[in-house]
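For reference, the structure is listed below as structure tokens.
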Amino acid sequence: MKTSLKFIIIIIIGLQVCLTASDLIINVDGRNTSSLNGQWEYIVDPYDNGYYNYQLVPHTREGYFANRVPENKWDRIEYSFTDAHTLQVPGDWNTQSDQLYLYEGSLWYKKNFNYELKQGKRLFVYFGAVNYLCNIYFNGIPIGNHVGGFTPFNFEITDLVKEKDNLLVLRVNNTRKREGIPTINTDWWNYGGLTRRVELIEMPKTFVQDYSIQLAKGSDNRISGWIQLNGPDQASQNVSIKITELGIEKQFKTDANGLAKIELEASTVLWEPQNPKLYNVIVESESGKVTDAIGFRTIESTEDEILLNGKPLFLRGICIHEEAPIRGGRANRLEDARTLLGWAKEMGCNFVRLAHYPHNEFMTRLADEMGILVWSEIPVYWTVEFDNPDSYANAENQLAENITRDKNRASIILWSVANETPVHETRNRFLKNLVDKARQLDPTRLITAASDKSSTDGYAYNISDPLCEYLDVIGVNEYVGWYDGLPEKCDKVTWTREYKKPVIISETGGGALFGLQGDALTRWSEEYQEDLYKRQIGMLEKVSFLRGTAPWILMDFRSPRRPLYGIQDGWNRKGLISNFGDKKKAFFIMQHWYDKIESEGF
Ligand code: GCU
């Protein structure tokens with residue numbers, strides 16, 4: 001058969017497979033998985049020769065490497081994965097090779113594996129996250145693509161998998177794009193690649209794909225939600241929820257779409273930071289079950305309060321980027337989560353703002369276990385293209401994938417739809433649509449965003465961003481004493497609010513190089529940062545409607561916007577802890593303040 005005809009057939013099959021991309025499977029740890037983590041061969045492809053056929057005009061996207069992926073380097077080709085260098089997966093490519101440190105472009109990953117799929121079973125390939133976009137080819141067939149660098153996705157490969165020598169190839173491209181989410185300018189490193197886990201998930205023909213099991217909004221003893229099956233027998237199937245510790249087992253039946261709404265009474269020990277109680281919840285269908293650790297709590301807000309289980313709360317927080325402590329690079333291990341959340345706990349935090357994108361699932365599941373409340377955010381950051389419907393669809397998809405993955409995590413109390421976006425009508429509409437979508441996807445949690453657009457009249461600062469109208473809780477980023485005057489300015493600034501809603505300071509702080517000593521006016525010294533925090537606390541203690549603080553930031557993190565030689569060297573130095581784990585003087589100022597707040601019962 002002529003190559004071109006064969007190739008056309010491959011593409012047609014691929015499009016069919018591509019069109020049946022699967023809905024997200026949640027709770028991967030509770031499934032029958034085989035890991036594809038480890039060493040993957042790769043080819044760097046800065047001109048995208050493996051993707052575009054430059055002989056054709058306009059350039060067509062053919063996925064050359066995937067369909068012509070050469071195994072024998074002596075063939076008449078110039079690209080071969082055979083004996084190619086390898087990258088560790090999960091992991092960003094930037095910190096695995098000096099040539100890739102600043103690389104932005106396409107890079108092809110390849111993994112071979114054998115798999116004996118049992119009769120009647122289905123097989124999916126699952127990616128924890130790939131930054132920023134990818135095209136996936138399995139045994140030469142394009143099976144799908146994904147855009148967005150921080151949320152999971154999976155594709156079904158049941159009909160394509162072979163017993164021996166399967167070939168999984170991805171084109172990953174991390175080039176920043178004006179229309180992207182985030183857009184081309186961010187204050188963090190654009191770590192590219194297969195940055196989180198890759199798993200094969202084997203499932204029965206019809207299985208429990210997704211479920212939402214949380215206390216109903218406004219109730220502390222009624223669990224409500226739904227169970228979604230996936231498969232040919234999904235309709236009118238018996239499903240059940242079992243919480244043995246509570247003596248609960250209740251049956252439900254799915255509708256024609258495999259969906260079963262659930263409702264059950266349960267007097268649970270409510271999850272809270274002081275007692276992060278998790279229950280073993282078994283979700284069962286006629287073909288199998290999945291077990292999850294779920295905490296039950298209520299979260300509400302009034303004009304002045306954030307109420308956890310009906311009690312007013314002060315969020316003693318800190319912001320965290322997904323930067324690996326000590327080794328640097330994208331944090332993606334349980335040990336990274338333990339270190340970062342352990343430092344937050346040591347500071348006296350009951351709250352973390354996971355900036356500026358969904359973090360890996362180790363972080364949110366560990367926050368559940370440790371009793372740390374979470375602000376979870378999508379990277380609608382700074383000047384995205386608010387008038388571009390594709391950018392909106394991208395943002396909404398990342399929001400939906402984030403909520404799908406983490407909607408059963410008690411620790412998450414806030415979904416954030418944006419950070420420091422310019423005030424104009426198009427942006428307001430873009431963000432209001434995201435807020436409405438978040439509420440529709442998850443009516444149980446509070447919606448927020450971080451704004452740095454307070455109006456000022458001398459030392460009088462008024463929180464007046466029109467975005468606040470749509471939010472339950474208002475996040476305010478302010479840098480009085482760093483970007484905005486010297487620390488002594490904090491002594492004079494007062495705050496008011498245009499909208500009667502609880503306010504969190506979602507960012508404040510300043511830079512210091514660990515070990516650089518000086519007086520309180522020596523910028524970048526630990527003493528400057530220490531004095532700044534003292535004065536910030538003095539200012540914030542006067543804000544009667546303040547219900548939380550999340551200083552920027554727990555640990556120094558890489559950023560291409562921070563080149564100051566000898567001080568930043570490519571790192572944002574606002575951390576209270578250095579990237580090597582050294583606590584700066586300001587860490588202890590925050591630790592003392594949070595200890596005082598906690599001793600006052602907040
Ligand atoms: C901004 C922004 C952060 C950034 C920080 C800074 O507020 O939200 O992403 O890193 O300021 O300038 O350090």
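Chain identifiers are assigned as A, B, and so on, following the order in which chains appear in the structure tokens; residues are numbered from 1 within each chain, and ligands are numbered from 1 in order of appearance.
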
Please identify every residue of region 186-260 of chain A that has at least one atom no farther than 10 Å from an atom of region 444-455 of chain A, counting only C-alpha atoms, and for each give the shortest atom pair and the distance in Å to one decimal, arranged by chain then increasing number, as a tab-separated table.
residue	atom	partner	partner_atom	distance
A:Gln214	CA	A:Thr444	CA	7.9
A:Leu215	CA	A:Thr444	CA	7.8
A:Ala216	CA	A:Thr444	CA	6.7
A:Lys217	CA	A:Thr444	CA	5.0
A:Gly218	CA	A:Thr444	CA	8.3

Those residues you just picked out, can you put them in a file as an mmCIF file, in the first residue's frame with C-alpha atoms?
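What follows is the written file again_33.cif:
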data_model
loop_
_atom_site.group_PDB
_atom_site.id
_atom_site.type_symbol
_atom_site.label_atom_id
_atom_site.label_comp_id
_atom_site.auth_asym_id
_atom_site.auth_seq_id
_atom_site.Cartn_x
_atom_site.Cartn_y
_atom_site.Cartn_z
ATOM 1 C CA GLN A 214 -19.206 16.412 50.054
ATOM 2 C CA LEU A 215 -21.512 17.963 52.632
ATOM 3 C CA ALA A 216 -24.331 19.833 50.920
ATOM 4 C CA LYS A 217 -23.993 23.611 50.980
ATOM 5 C CA GLY A 218 -25.297 24.895 54.312
#

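Close contacts of Ile213 (chain A), defined as residues with an atom at most 8 Å away when counting only C-alpha atoms, with chain neighbours fewer than 3 positions off set aside, comprise Ile223, Ser224, Gly225, Trp226, Ile294 and Asn408 of chain A.
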
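When only C-alpha atoms are used to compute distances to Thr195 (chain A), the closest of the residues A:His85, A:Arg409, A:Arg535, A:Arg330 turns out to be A:Arg330.
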
With a distance cut-off of 9 Å and only C-alpha atoms, select the neighbouring residues of Gln237 (chain A), excluding the residue or stretch itself and same-chain residues fewer than 4 positions from it, and output the selection as a ChimeraX atom specification.
-> /A:229,233,252-255,258,260,285-286

Test item: residues lying within 10 Å of ligand 1 with only C-alpha atoms and all ligand atoms, as a ChimeraX atom specification | /A:186-188,319,321,355-356,381-382,418-421,450-452,476-479,482-483,506-511,552-553,556-559,561-562,571-575

Can you pull out every residue within 8 Å of Leu167 (chain A), counting only C-alpha atoms, but drop anything in the same chain fewer than 3 positions away, and send it as a list of chain:residue names?
-> A:Lys110, A:Lys111, A:Asn112, A:Phe113, A:Phe138, A:Asn139, A:Gly140

Can you list every residue in region 257-313 of chain A that DSSP puts in strand (DSSP E or B), as JSON, numbers by chain?
-> {"A": [259, 260, 261, 262, 263, 264, 265, 272, 275, 279, 280, 281, 282, 283, 284, 285, 288, 289, 290, 291, 292, 293, 294, 299, 300, 301, 306, 307, 308, 311, 312]}

Spatial neighbours of region 298-311 of chain A, 9 Å, only C-alpha atoms, chain gap at least 3 places, as a tab-separated table (two decimals) with N, CA and C atoms, in the first residue's frame:
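New file selection_13.tsv:
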chain	number	residue	atom	x	y	z
A	214	GLN	N	-19.52	15.33	49.10
A	214	GLN	CA	-19.21	16.41	50.05
A	214	GLN	C	-20.47	16.76	50.83
A	215	LEU	N	-20.32	17.46	51.93
A	215	LEU	CA	-21.51	17.96	52.63
A	215	LEU	C	-22.22	18.97	51.73
A	216	ALA	N	-23.54	18.90	51.73
A	216	ALA	CA	-24.33	19.83	50.92
A	216	ALA	C	-24.11	21.25	51.46
A	217	LYS	N	-24.18	22.21	50.59
A	217	LYS	CA	-23.99	23.61	50.98
A	217	LYS	C	-24.97	23.94	52.11
A	218	GLY	N	-24.43	24.44	53.21
A	218	GLY	CA	-25.30	24.90	54.31
A	218	GLY	C	-25.72	23.79	55.24
A	219	SER	N	-25.24	22.56	55.00
A	219	SER	CA	-25.62	21.47	55.91
A	219	SER	C	-24.38	20.84	56.54
A	220	ASP	N	-24.48	20.44	57.80
A	220	ASP	CA	-23.32	19.75	58.40
A	220	ASP	C	-23.64	18.27	58.66
A	270	LEU	N	-16.51	16.64	61.95
A	270	LEU	CA	-16.22	17.60	60.89
A	270	LEU	C	-14.71	17.84	60.76
A	271	TRP	N	-14.25	17.86	59.51
A	271	TRP	CA	-12.84	18.10	59.24
A	271	TRP	C	-12.51	19.55	59.63
A	272	GLU	N	-11.38	19.72	60.32
A	272	GLU	CA	-10.90	21.08	60.62
A	272	GLU	C	-9.41	21.01	60.86
A	314	PHE	N	-9.77	32.84	60.92
A	314	PHE	CA	-8.74	33.73	60.39
A	314	PHE	C	-7.71	32.85	59.68
A	315	LEU	N	-7.47	33.15	58.44
A	315	LEU	CA	-6.57	32.30	57.63
A	315	LEU	C	-5.13	32.77	57.83
A	410	ALA	N	-11.30	18.16	51.26
A	410	ALA	CA	-11.84	19.06	52.31
A	410	ALA	C	-10.97	20.28	52.49
A	413	ILE	N	-10.86	25.26	50.17
A	413	ILE	CA	-12.06	26.05	50.54
A	413	ILE	C	-12.29	27.18	49.54
A	444	THR	N	-20.28	24.09	46.49
A	444	THR	CA	-20.01	23.99	47.93
A	444	THR	C	-18.91	24.95	48.38
A	445	ARG	N	-18.04	25.39	47.48
A	445	ARG	CA	-16.87	26.16	47.93
A	445	ARG	C	-17.03	27.65	47.65
A	446	LEU	N	-16.10	28.42	48.25
A	446	LEU	CA	-16.10	29.88	48.06
A	446	LEU	C	-15.25	30.23	46.85
A	472	ASP	N	-16.88	35.72	46.65
A	472	ASP	CA	-17.32	35.49	48.04
A	472	ASP	C	-16.31	36.09	49.01
A	473	VAL	N	-15.01	35.90	48.66
A	473	VAL	CA	-13.91	36.38	49.48
A	473	VAL	C	-12.97	37.16	48.56
A	499	TYR	N	-16.65	46.83	48.95
A	499	TYR	CA	-17.61	45.72	48.92
A	499	TYR	C	-17.60	45.02	50.27
A	500	LYS	N	-18.76	44.78	50.83
A	500	LYS	CA	-18.88	44.16	52.16
A	500	LYS	C	-18.66	42.66	52.03
A	501	LYS	N	-17.35	42.27	51.93
A	501	LYS	CA	-17.01	40.84	51.86
A	501	LYS	C	-15.72	40.64	52.64
A	502	PRO	N	-15.49	39.44	53.15
A	502	PRO	CA	-14.24	39.21	53.89
A	502	PRO	C	-13.03	39.41	52.99
A	503	VAL	N	-11.96	39.97	53.52
A	503	VAL	CA	-10.75	40.27	52.74
A	503	VAL	C	-9.58	39.45	53.26
A	545	PHE	N	-11.76	44.33	58.91
A	545	PHE	CA	-12.45	43.35	58.06
A	545	PHE	C	-11.47	42.32	57.48
A	546	LEU	N	-10.22	42.32	57.99
A	546	LEU	CA	-9.24	41.35	57.49
A	546	LEU	C	-9.51	39.97	58.07
A	547	ARG	N	-9.59	38.94	57.20
A	547	ARG	CA	-9.86	37.58	57.69
A	547	ARG	C	-8.79	36.58	57.25
